[in-house]
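What follows is entry_34.txt (compact mmCIF, C-alpha atoms).
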```txt
# COMPACT_ATOMS: atom_id res chain seq x y z
CA MET A 6 -26.55 13.59 -16.78
CA GLU A 7 -26.84 10.00 -17.98
CA LYS A 8 -25.25 7.23 -16.00
CA ASN A 9 -22.11 5.76 -17.61
CA ASN A 10 -21.80 2.02 -17.04
CA THR A 11 -18.04 1.98 -17.47
CA PRO A 12 -16.52 2.13 -13.97
CA ILE A 13 -13.64 4.42 -13.10
CA TYR A 14 -11.63 3.18 -10.14
CA VAL A 15 -9.41 5.22 -7.87
CA THR A 16 -6.32 3.43 -9.17
CA LYS A 17 -5.16 0.78 -11.59
CA PRO A 18 -1.75 -0.92 -11.78
CA TYR A 19 0.63 0.11 -14.53
CA LEU A 20 1.70 -2.86 -16.66
CA PRO A 21 4.65 -2.80 -19.06
CA GLU A 22 4.62 -4.35 -22.50
CA LYS A 23 4.07 -8.07 -22.08
CA GLU A 24 6.86 -8.92 -24.52
CA LYS A 25 9.39 -7.01 -22.43
CA PHE A 26 8.32 -8.72 -19.22
CA ASN A 27 8.38 -12.11 -20.96
CA GLN A 28 12.04 -11.65 -21.80
CA TYR A 29 12.78 -11.55 -18.09
CA ILE A 30 10.50 -14.54 -17.49
CA ASP A 31 12.42 -16.50 -20.11
CA PHE A 32 15.64 -15.64 -18.26
CA ILE A 33 14.13 -16.89 -14.98
CA TRP A 34 13.19 -20.18 -16.63
CA GLU A 35 16.68 -20.57 -18.05
CA SER A 36 18.45 -19.71 -14.81
CA CYS A 37 15.99 -21.58 -12.57
CA SER A 38 16.78 -19.00 -9.89
CA LEU A 39 13.63 -17.72 -8.20
CA THR A 40 14.76 -15.99 -5.01
CA ASN A 41 17.67 -15.52 -2.56
CA GLN A 42 19.18 -12.46 -4.25
CA GLY A 43 19.24 -13.77 -7.79
CA THR A 44 20.59 -12.00 -10.86
CA LEU A 45 17.46 -9.91 -11.49
CA HIS A 46 17.23 -8.96 -7.82
CA ASN A 47 20.79 -7.66 -7.92
CA ASP A 48 20.25 -5.87 -11.24
CA PHE A 49 17.12 -4.21 -9.87
CA GLN A 50 18.93 -3.20 -6.69
CA ASP A 51 21.75 -1.59 -8.68
CA SER A 52 19.32 0.16 -11.04
CA LEU A 53 17.31 1.58 -8.14
CA ARG A 54 20.45 2.80 -6.41
CA GLU A 55 21.37 4.67 -9.57
CA TYR A 56 17.86 6.02 -10.20
CA LEU A 57 17.44 7.27 -6.63
CA ASN A 58 21.04 8.47 -6.53
CA VAL A 59 21.57 7.02 -3.05
CA GLY A 60 24.47 5.08 -1.58
CA ASN A 61 22.69 1.82 -0.73
CA ILE A 62 19.47 -0.07 -1.45
CA THR A 63 18.13 -3.14 0.33
CA LEU A 64 15.20 -4.79 -1.47
CA THR A 65 12.39 -6.54 0.40
CA VAL A 66 9.25 -8.50 -0.36
CA ASN A 67 7.05 -5.54 0.64
CA GLY A 68 7.27 -2.08 2.16
CA HIS A 69 5.83 -3.00 5.54
CA LEU A 70 8.51 -5.55 6.32
CA ALA A 71 11.12 -3.09 5.07
CA LEU A 72 9.96 -0.63 7.72
CA GLU A 73 10.00 -3.30 10.42
CA LEU A 74 13.54 -4.31 9.44
CA ALA A 75 14.71 -0.70 9.66
CA LEU A 76 13.22 -0.26 13.12
CA ARG A 77 14.69 -3.53 14.32
CA MET A 78 18.13 -2.73 12.93
CA PHE A 79 18.54 0.22 15.30
CA ASP A 80 17.96 -2.10 18.28
CA PHE A 81 15.89 0.43 20.22
CA GLU A 82 15.03 -0.48 23.80
CA GLN A 83 11.60 -2.05 24.06
CA GLY A 84 8.92 0.46 24.96
CA SER A 85 10.85 3.42 23.54
CA GLU A 86 8.86 6.16 21.86
CA VAL A 87 8.75 6.97 18.17
CA ILE A 88 7.11 10.24 17.10
CA THR A 89 5.00 9.78 13.98
CA THR A 90 1.85 10.93 12.22
CA PRO A 91 -1.69 9.56 12.65
CA PHE A 92 -2.48 10.55 9.04
CA THR A 93 -1.02 7.53 7.29
CA PHE A 94 -1.73 3.95 6.26
CA ALA A 95 -1.97 1.32 8.99
CA SER A 96 1.42 -0.15 8.13
CA THR A 97 3.40 2.81 9.48
CA THR A 98 2.04 2.57 13.02
CA HIS A 99 1.78 -1.22 13.02
CA ALA A 100 5.50 -1.48 12.20
CA ILE A 101 6.33 0.63 15.25
CA THR A 102 4.01 -1.36 17.52
CA LEU A 103 5.09 -4.76 16.22
CA SER A 104 8.69 -3.73 16.92
CA GLY A 105 7.88 -3.33 20.60
CA LEU A 106 7.94 0.46 20.44
CA LYS A 107 5.35 3.09 21.32
CA PRO A 108 3.96 5.39 18.61
CA VAL A 109 3.53 8.98 19.74
CA PHE A 110 1.21 10.89 17.44
CA CYS A 111 2.03 14.39 16.25
CA ASP A 112 -0.57 16.50 14.45
CA ILE A 113 -0.22 17.46 10.79
CA LYS A 114 -0.26 20.62 8.65
CA GLU A 115 -3.34 21.49 6.61
CA SER A 116 -1.11 22.87 3.86
CA ASP A 117 0.20 19.43 2.76
CA LEU A 118 -1.03 16.93 5.41
CA THR A 119 2.51 15.97 6.47
CA ILE A 120 3.71 15.94 10.07
CA ASP A 121 3.77 19.40 11.67
CA GLU A 122 7.46 19.94 12.40
CA ASN A 123 6.57 22.80 14.76
CA LYS A 124 4.79 20.37 17.10
CA ILE A 125 7.48 17.67 17.27
CA GLU A 126 9.72 19.11 19.98
CA GLU A 127 6.94 19.35 22.57
CA LEU A 128 6.42 15.58 22.25
CA ILE A 129 10.05 14.61 22.85
CA THR A 130 10.73 12.87 26.19
CA GLU A 131 13.58 10.87 27.69
CA GLN A 132 12.02 7.79 26.09
CA THR A 133 12.02 9.23 22.54
CA VAL A 134 14.45 7.47 20.21
CA ALA A 135 13.26 8.30 16.71
CA ILE A 136 11.03 10.35 14.44
CA LEU A 137 9.12 8.49 11.74
CA PRO A 138 7.51 11.06 9.41
CA VAL A 139 5.52 10.19 6.28
CA HIS A 140 5.77 11.90 2.90
CA VAL A 141 1.98 11.80 2.51
CA TYR A 142 0.69 11.43 -1.09
CA GLY A 143 4.25 12.23 -2.17
CA HIS A 144 4.16 15.63 -0.46
CA PRO A 145 7.65 15.85 1.08
CA CYS A 146 7.91 16.65 4.77
CA ASN A 147 9.94 19.64 5.92
CA VAL A 148 13.09 17.52 5.83
CA GLU A 149 15.42 20.35 6.79
CA ALA A 150 13.49 21.26 9.96
CA ILE A 151 13.15 17.60 10.96
CA GLU A 152 16.88 17.04 10.47
CA SER A 153 17.62 20.01 12.70
CA ILE A 154 15.36 18.69 15.48
CA ALA A 155 16.85 15.20 15.22
CA LYS A 156 20.40 16.51 15.52
CA LYS A 157 19.46 18.70 18.49
CA TYR A 158 18.08 15.73 20.46
CA GLY A 159 20.20 12.90 19.05
CA LEU A 160 17.28 11.09 17.39
CA ILE A 161 17.15 8.71 14.45
CA VAL A 162 14.97 9.75 11.48
CA LEU A 163 13.25 7.01 9.47
CA TYR A 164 11.09 8.25 6.63
CA ASP A 165 8.05 6.39 5.38
CA ALA A 166 8.54 7.31 1.73
CA ALA A 167 6.01 4.77 0.43
CA HIS A 168 4.32 7.53 -1.60
CA ALA A 169 7.42 9.51 -2.52
CA PHE A 170 9.22 7.55 -5.22
CA ALA A 171 11.00 9.95 -7.63
CA VAL A 172 10.39 13.03 -5.44
CA LYS A 173 13.29 15.47 -5.11
CA VAL A 174 13.95 18.29 -2.65
CA ASN A 175 16.58 20.93 -3.43
CA GLY A 176 17.55 18.87 -6.47
CA LYS A 177 18.33 15.86 -4.27
CA SER A 178 16.46 12.56 -4.21
CA ILE A 179 14.14 12.22 -1.24
CA ALA A 180 16.00 8.94 -0.53
CA ASN A 181 18.96 10.93 0.78
CA TYR A 182 17.15 12.53 3.70
CA GLY A 183 17.06 11.05 7.19
CA ASP A 184 18.98 8.00 8.35
CA ILE A 185 16.94 5.64 6.20
CA SER A 186 13.87 5.77 3.94
CA MET A 187 11.34 3.08 3.16
CA PHE A 188 9.72 2.82 -0.28
CA SER A 189 6.74 0.62 -1.12
CA PHE A 190 6.40 -1.00 -4.54
CA HIS A 191 2.87 -2.32 -4.13
CA ALA A 192 0.92 -2.85 -7.36
CA THR A 193 -1.16 0.31 -6.92
CA LYS A 194 1.81 2.60 -6.35
CA LEU A 195 3.19 5.10 -8.85
CA PHE A 196 6.09 2.66 -9.33
CA HIS A 197 5.64 -1.01 -8.49
CA SER A 198 7.20 -4.45 -8.60
CA ILE A 199 3.84 -6.25 -8.09
CA GLU A 200 4.60 -6.33 -4.37
CA GLY A 201 7.88 -5.14 -2.99
CA GLY A 202 9.75 -2.58 -0.99
CA ALA A 203 13.14 -1.06 -0.45
CA LEU A 204 15.23 0.68 2.17
CA ALA A 205 17.45 3.50 0.95
CA TYR A 206 20.38 4.79 3.00
CA ASN A 207 23.91 6.16 2.72
CA LYS A 208 25.63 4.37 5.61
CA SER A 209 27.09 1.24 4.05
CA GLU A 210 27.38 -0.47 7.45
CA TYR A 211 23.58 -0.91 7.45
CA ALA A 212 23.69 -3.24 4.45
CA GLU A 213 25.06 -6.38 6.10
CA ILE A 214 22.66 -6.36 9.02
CA LEU A 215 19.62 -5.54 6.86
CA ASN A 216 20.46 -8.34 4.43
CA ALA A 217 20.73 -10.69 7.40
CA TYR A 218 17.48 -9.50 8.99
CA LYS A 219 15.54 -10.04 5.76
CA ASN A 220 16.82 -13.64 5.57
CA PHE A 221 16.07 -15.06 9.03
CA GLY A 222 19.19 -13.46 10.53
CA ILE A 223 21.44 -15.84 8.59
CA MET A 224 24.99 -14.59 8.06
CA ASP A 225 26.33 -17.68 6.27
CA GLU A 226 25.69 -21.43 6.11
CA GLU A 227 26.76 -22.00 9.71
CA HIS A 228 25.95 -18.75 11.52
CA VAL A 229 22.59 -17.21 12.43
CA GLU A 230 23.42 -14.02 14.31
CA TYR A 231 20.01 -12.29 14.50
CA VAL A 232 16.37 -13.22 15.01
CA GLY A 233 15.31 -12.22 11.52
CA ARG A 234 12.32 -12.44 9.22
CA ASN A 235 11.76 -13.77 5.73
CA ALA A 236 11.47 -10.55 3.72
CA LYS A 237 13.34 -11.41 0.54
CA MET A 238 12.24 -10.06 -2.85
CA ASN A 239 11.90 -12.74 -5.52
CA GLU A 240 12.98 -12.68 -9.17
CA PHE A 241 9.48 -12.17 -10.57
CA GLN A 242 9.06 -9.01 -8.52
CA ALA A 243 12.49 -7.78 -9.60
CA ALA A 244 11.61 -8.44 -13.25
CA MET A 245 8.50 -6.26 -12.99
CA GLY A 246 10.49 -3.58 -11.22
CA LEU A 247 13.14 -3.51 -13.93
CA CYS A 248 10.47 -3.22 -16.63
CA ASN A 249 8.62 -0.40 -14.91
CA LEU A 250 11.73 1.55 -14.00
CA ASP A 251 12.40 2.02 -17.72
CA SER A 252 8.98 3.66 -18.07
CA MET A 253 9.23 6.14 -15.20
CA GLU A 254 9.64 9.27 -17.32
CA ASP A 255 6.50 8.47 -19.30
CA ILE A 256 4.56 7.55 -16.13
CA LEU A 257 5.47 10.82 -14.41
CA LEU A 258 4.59 12.95 -17.44
CA LYS A 259 1.19 11.28 -17.88
CA ARG A 260 0.27 11.66 -14.21
CA LYS A 261 1.30 15.31 -14.28
CA GLU A 262 -0.97 15.86 -17.27
CA ILE A 263 -3.88 14.24 -15.43
CA THR A 264 -3.22 16.27 -12.29
CA LEU A 265 -3.14 19.56 -14.18
CA ARG A 266 -6.45 18.70 -15.86
CA TYR A 267 -8.09 18.04 -12.46
CA ARG A 268 -6.77 21.36 -11.16
CA GLU A 269 -8.01 23.24 -14.20
CA LEU A 270 -11.51 21.85 -13.75
CA LEU A 271 -11.88 21.77 -9.97
CA GLU A 272 -9.89 24.57 -8.40
CA SER A 273 -12.70 27.10 -8.91
CA ILE A 274 -15.13 25.03 -6.80
CA PRO A 275 -15.20 26.72 -3.35
CA GLU A 276 -16.15 23.51 -1.54
CA ILE A 277 -12.94 21.77 -2.65
CA GLN A 278 -9.41 22.38 -1.41
CA MET A 279 -6.69 21.16 -3.77
CA PHE A 280 -2.97 20.83 -3.12
CA HIS A 281 -0.19 22.60 -5.03
CA VAL A 282 3.03 21.18 -3.62
CA GLU A 283 5.40 21.92 -6.49
CA SER A 284 7.89 24.69 -5.88
CA ASP A 285 11.35 25.80 -6.92
CA LYS A 286 12.77 23.39 -4.33
CA THR A 287 10.46 20.40 -4.87
CA GLU A 288 10.02 17.98 -7.77
CA TYR A 289 6.69 16.28 -7.16
CA ASN A 290 5.67 12.82 -8.45
CA TYR A 291 1.88 13.18 -8.89
CA ALA A 292 1.37 9.91 -7.05
CA TYR A 293 -2.13 10.70 -5.75
CA LEU A 294 -4.92 13.20 -6.30
CA PRO A 295 -6.13 14.16 -2.79
CA VAL A 296 -8.70 16.86 -2.14
CA LEU A 297 -10.33 18.15 1.02
CA ILE A 298 -14.11 18.66 0.85
CA ASN A 299 -15.48 21.53 2.92
CA THR A 300 -17.52 19.34 5.31
CA LYS A 301 -17.67 15.68 6.29
CA GLU A 302 -21.33 15.61 5.25
CA ASN A 303 -20.43 16.79 1.76
CA ARG A 304 -17.53 14.34 1.62
CA GLU A 305 -19.86 11.44 2.40
CA GLY A 306 -22.50 12.71 -0.02
CA LEU A 307 -20.02 13.17 -2.86
CA TYR A 308 -18.49 9.74 -2.21
CA ASP A 309 -21.91 8.09 -2.53
CA PHE A 310 -22.98 10.23 -5.48
CA LEU A 311 -19.88 9.33 -7.49
CA ALA A 312 -20.30 5.63 -6.67
CA GLU A 313 -23.87 5.80 -8.02
CA HIS A 314 -22.30 6.87 -11.31
CA ASN A 315 -19.62 4.14 -11.29
CA ILE A 316 -16.82 6.44 -10.13
CA PHE A 317 -15.06 4.95 -7.15
CA VAL A 318 -12.99 7.33 -5.05
CA ARG A 319 -11.44 6.61 -1.65
CA LYS A 320 -11.54 8.14 1.83
CA TYR A 321 -7.78 7.85 2.22
CA PHE A 322 -6.90 8.24 5.13
CA TYR A 323 -10.08 7.74 7.12
CA PRO A 324 -10.28 6.97 9.92
CA ILE A 325 -6.95 8.32 11.12
CA VAL A 326 -4.77 5.72 12.86
CA SER A 327 -5.40 6.99 16.40
CA ASP A 328 -9.10 6.18 15.85
CA TYR A 329 -8.49 2.55 14.86
CA GLU A 330 -10.11 0.00 17.15
CA CYS A 331 -6.66 -1.34 18.06
CA TYR A 332 -5.32 2.09 19.09
CA LYS A 333 -8.16 4.40 20.12
CA ASP A 334 -8.31 3.25 23.75
CA LEU A 335 -4.62 4.12 24.08
CA TYR A 336 -4.89 7.52 22.43
CA ASN A 337 -8.37 8.85 23.19
CA GLU A 338 -6.83 11.71 25.22
CA VAL A 339 -4.54 12.84 22.39
CA LYS A 340 -5.65 16.00 20.61
CA LEU A 341 -5.03 15.91 16.85
CA PRO A 342 -7.44 18.50 15.43
CA VAL A 343 -5.92 18.98 11.97
CA ALA A 344 -5.46 15.25 11.36
CA GLN A 345 -8.96 14.53 12.62
CA GLU A 346 -10.57 17.17 10.42
CA SER A 347 -8.50 16.18 7.40
CA GLY A 348 -9.51 12.54 7.82
CA ASP A 349 -13.15 13.60 7.94
CA ARG A 350 -12.85 15.68 4.74
CA VAL A 351 -10.37 13.88 2.50
CA LEU A 352 -11.08 12.11 -0.77
CA THR A 353 -8.54 10.75 -3.22
CA LEU A 354 -9.72 10.95 -6.82
CA PRO A 355 -8.91 8.52 -9.63
CA ILE A 356 -5.42 8.79 -11.06
CA TYR A 357 -3.43 6.16 -12.97
CA HIS A 358 -1.43 5.91 -16.16
CA GLU A 359 -4.25 4.70 -18.41
CA LEU A 360 -6.83 7.20 -17.14
CA SER A 361 -7.92 9.29 -20.13
CA LEU A 362 -8.46 13.01 -19.96
CA GLU A 363 -12.03 12.30 -21.09
CA ASP A 364 -12.53 10.22 -17.95
CA VAL A 365 -11.02 12.99 -15.84
CA ASP A 366 -13.56 15.33 -17.42
CA ARG A 367 -16.32 12.86 -16.56
CA VAL A 368 -15.24 12.68 -12.92
CA CYS A 369 -15.13 16.46 -12.67
CA LEU A 370 -18.51 16.91 -14.34
CA PHE A 371 -20.18 14.71 -11.73
CA ILE A 372 -18.35 16.52 -8.93
CA LYS A 373 -19.62 19.84 -10.26
CA GLU A 374 -23.13 18.41 -10.61
CA TYR A 375 -23.10 17.30 -6.98
CA PHE A 376 -22.18 20.72 -5.69
CA LYS A 377 -24.71 22.45 -7.96
CA LYS A 378 -27.38 20.43 -6.20
```
Is it possible to give me this structure as structure tokens?
Amino acid sequence: MEKNNTPIYVTKPYLPEKEKFNQYIDFIWESCSLTNQGTLHNDFQDSLREYLNVGNITLTVNGHLALELALRMFDFEQGSEVITTPFTFASTTHAITLSGLKPVFCDIKESDLTIDENKIEELITEQTVAILPVHVYGHPCNVEAIESIAKKYGLIVLYDAAHAFAVKVNGKSIANYGDISMFSFHATKLFHSIEGGALAYNKSEYAEILNAYKNFGIMDEEHVEYVGRNAKMNEFQAAMGLCNLDSMEDILLKRKEITLRYRELLESIPEIQMFHVESDKTEYNYAYLPVLINTKENREGLYDFLAEHNIFVRKYFYPIVSDYECYKDLYNEVKLPVAQESGDRVLTLPIYHELSLEDVDRVCLFIKEYFKK
């Protein structure tokens, strides 16, 4: 097969029509309001609350700081334990650690790579204060089982929903599960506001303290009640968010089409495990295209082979968090066999709005060629 010089990357940001975005830019120039909960910020916040069908939204400059703010809001005792997954992006665990808390890693399920709810209870101690599961690749966790465990032990549930925008379980937005959910709006996400994040929750009493925490702890001109951060979303981010929110239906339909094409072409390859997470109870968002390759050696070989042909996939998540240099000495005794094996075998394939079905075919042809060899 001849080498194609046009690169295909694992992701590419969605951009709205420039004219539509420029209308918001013109408004920013006229208002001369750039940040500090301006008009567009408030419009975006209201629109998100309606779209996610949740009681409250607090917008932030990025998803990581949103997660830190949520952890800080609960005022957990320093050194308390938070049960989480090692199969996630660095931000999840870093937010726990930077909040003075101890991450406790729970293994995952091979079926969807989310936290294994059947292994959570054995990790709960007197120091456990919260569970922080991750809806990995948009695959929703077993929210009902996790809720039951949290109620049994009196624990807070904070969901890292960075990948789960627009996902629904039992007809209900994923934003309504747990005590609070964090969404990331980074440029490479399914839905983005260039950079940005949000916390979604139904307890209105959280709003005042979160708004203070994201603005240095300032309550008003003369009172600073908390030691807060600067995590405010600006008007340019809100403008991009408002533009892209209008396009969500089209974005979801296109990504579903791409996903179904990948499945049609790859699911017969015995060396590849694909994921089918849709069900009668779940509305999936097609945020990522993860596959598990049968061996680490084949994963590495396929990764290099595709790169030789200008197709750039990603080993996401590898290494798993417990193997990071900053954590491995603390967790080298922890046994996480499914997470470890999944990290060694995972590849995420290209998926983004502008990816053509012809390019999907090209990716799949090279994958098939690799395994024929």
Got a sec: who's within 6 Å of region 187-194 of chain A, counting all atoms listed in the file, leaving out chain neighbours fewer than 3 positions off, as a PyMOL selection string?
chain A and resi 18+68+165-167+197-204
Expected file: the selected residues, C-alpha atoms, as an mmCIF file, in the coordinates of the input:
```cif
data_model
loop_
_atom_site.group_PDB
_atom_site.id
_atom_site.type_symbol
_atom_site.label_atom_id
_atom_site.label_comp_id
_atom_site.auth_asym_id
_atom_site.auth_seq_id
_atom_site.Cartn_x
_atom_site.Cartn_y
_atom_site.Cartn_z
ATOM 1 C CA PRO A 18 -1.750 -0.920 -11.780
ATOM 2 C CA GLY A 68 7.270 -2.080 2.160
ATOM 3 C CA ASP A 165 8.050 6.390 5.380
ATOM 4 C CA ALA A 166 8.540 7.310 1.730
ATOM 5 C CA ALA A 167 6.010 4.770 0.430
ATOM 6 C CA HIS A 197 5.640 -1.010 -8.490
ATOM 7 C CA SER A 198 7.200 -4.450 -8.600
ATOM 8 C CA ILE A 199 3.840 -6.250 -8.090
ATOM 9 C CA GLU A 200 4.600 -6.330 -4.370
ATOM 10 C CA GLY A 201 7.880 -5.140 -2.990
ATOM 11 C CA GLY A 202 9.750 -2.580 -0.990
ATOM 12 C CA ALA A 203 13.140 -1.060 -0.450
ATOM 13 C CA LEU A 204 15.230 0.680 2.170
#
```
For Ile263 (chain A), which residue out of A:His358, A:Asn315, A:Ser284, A:Asn216 is the nearest one, using all atoms listed in the file?
A:His358
Given all atoms listed in the file as the counted atoms, nearest of A:Leu294, A:Leu352, A:Leu137, A:Ile161 to Leu72 (chain A)
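Looking only at the distances to Leu72 (chain A), the closest residue turns out to be A:Leu137.
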Contacts of region 91-105 of chain A at 10 Å (all atoms listed in the file; same-chain gap of 5+ positions) as a ChimeraX atom specification:
/A:68-77,80-86,110-113,118-120,137-142,164-165,167,321-329,331-332,341,343-345,347-348
Give me a file of those residues, with C-alpha atoms, as a short mmCIF file (atom, residue, chain, number, x, y, z; two decimals), keeping the file's coordinate frame.
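Saved result, again38.cif, follows:
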```cif
data_model
loop_
_atom_site.label_atom_id
_atom_site.label_comp_id
_atom_site.auth_asym_id
_atom_site.auth_seq_id
_atom_site.Cartn_x
_atom_site.Cartn_y
_atom_site.Cartn_z
CA GLY A 68 7.27 -2.08 2.16
CA HIS A 69 5.83 -3.00 5.54
CA LEU A 70 8.51 -5.55 6.32
CA ALA A 71 11.12 -3.09 5.07
CA LEU A 72 9.96 -0.63 7.72
CA GLU A 73 10.00 -3.30 10.42
CA LEU A 74 13.54 -4.31 9.44
CA ALA A 75 14.71 -0.70 9.66
CA LEU A 76 13.22 -0.26 13.12
CA ARG A 77 14.69 -3.53 14.32
CA ASP A 80 17.96 -2.10 18.28
CA PHE A 81 15.89 0.43 20.22
CA GLU A 82 15.03 -0.48 23.80
CA GLN A 83 11.60 -2.05 24.06
CA GLY A 84 8.92 0.46 24.96
CA SER A 85 10.85 3.42 23.54
CA GLU A 86 8.86 6.16 21.86
CA PHE A 110 1.21 10.89 17.44
CA CYS A 111 2.03 14.39 16.25
CA ASP A 112 -0.57 16.50 14.45
CA ILE A 113 -0.22 17.46 10.79
CA LEU A 118 -1.03 16.93 5.41
CA THR A 119 2.51 15.97 6.47
CA ILE A 120 3.71 15.94 10.07
CA LEU A 137 9.12 8.49 11.74
CA PRO A 138 7.51 11.06 9.41
CA VAL A 139 5.52 10.19 6.28
CA HIS A 140 5.77 11.90 2.90
CA VAL A 141 1.98 11.80 2.51
CA TYR A 142 0.69 11.43 -1.09
CA TYR A 164 11.09 8.25 6.63
CA ASP A 165 8.05 6.39 5.38
CA ALA A 167 6.01 4.77 0.43
CA TYR A 321 -7.78 7.85 2.22
CA PHE A 322 -6.90 8.24 5.13
CA TYR A 323 -10.08 7.74 7.12
CA PRO A 324 -10.28 6.97 9.92
CA ILE A 325 -6.95 8.32 11.12
CA VAL A 326 -4.77 5.72 12.86
CA SER A 327 -5.40 6.99 16.40
CA ASP A 328 -9.10 6.18 15.85
CA TYR A 329 -8.49 2.55 14.86
CA CYS A 331 -6.66 -1.34 18.06
CA TYR A 332 -5.32 2.09 19.09
CA LEU A 341 -5.03 15.91 16.85
CA VAL A 343 -5.92 18.98 11.97
CA ALA A 344 -5.46 15.25 11.36
CA GLN A 345 -8.96 14.53 12.62
CA SER A 347 -8.50 16.18 7.40
CA GLY A 348 -9.51 12.54 7.82
#
```
Which residue gives the smallest distance to Gly176 (chain A) among A:Val296, A:Leu57, A:Ile154, A:Ile356, with all atoms listed in the file counted?
A:Leu57
The centre and edge lengths of an axis-aligned box containing all atoms of region 249-267 of chain A present in the file, extended by 3 Å on each side, are to be given in Å to one decimal, as AutoDock Vina command-line options.
```
--center_x 2.2 --center_y 9.6 --center_z -15.8 --size_x 26.5 --size_y 26.0 --size_z 13.0
```
If we count all atoms listed in the file, what is near Thr287 (chain A) at a cut-off of 7 Å, once residues fewer than 6 positions away on the same chain are taken out, given as a compact mmCIF listing (two decimals) with C-alpha atoms, in the coordinates of the input?
```txt
# COMPACT_ATOMS: atom_id res chain seq x y z
CA LYS A 173 13.29 15.47 -5.11
CA VAL A 174 13.95 18.29 -2.65
CA ASN A 175 16.58 20.93 -3.43
```
Please measure the separation of CA of Thr264 (chain A) and CA of Tyr293 (chain A), giving the value in Å to one decimal.
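Taking CA of Thr264 (chain A) and CA of Tyr293 (chain A), their separation equals 8.7 Å.
A straight line drawn from CA of Thr300 (chain A) to CA of Pro342 (chain A) is 14.3 Å long.
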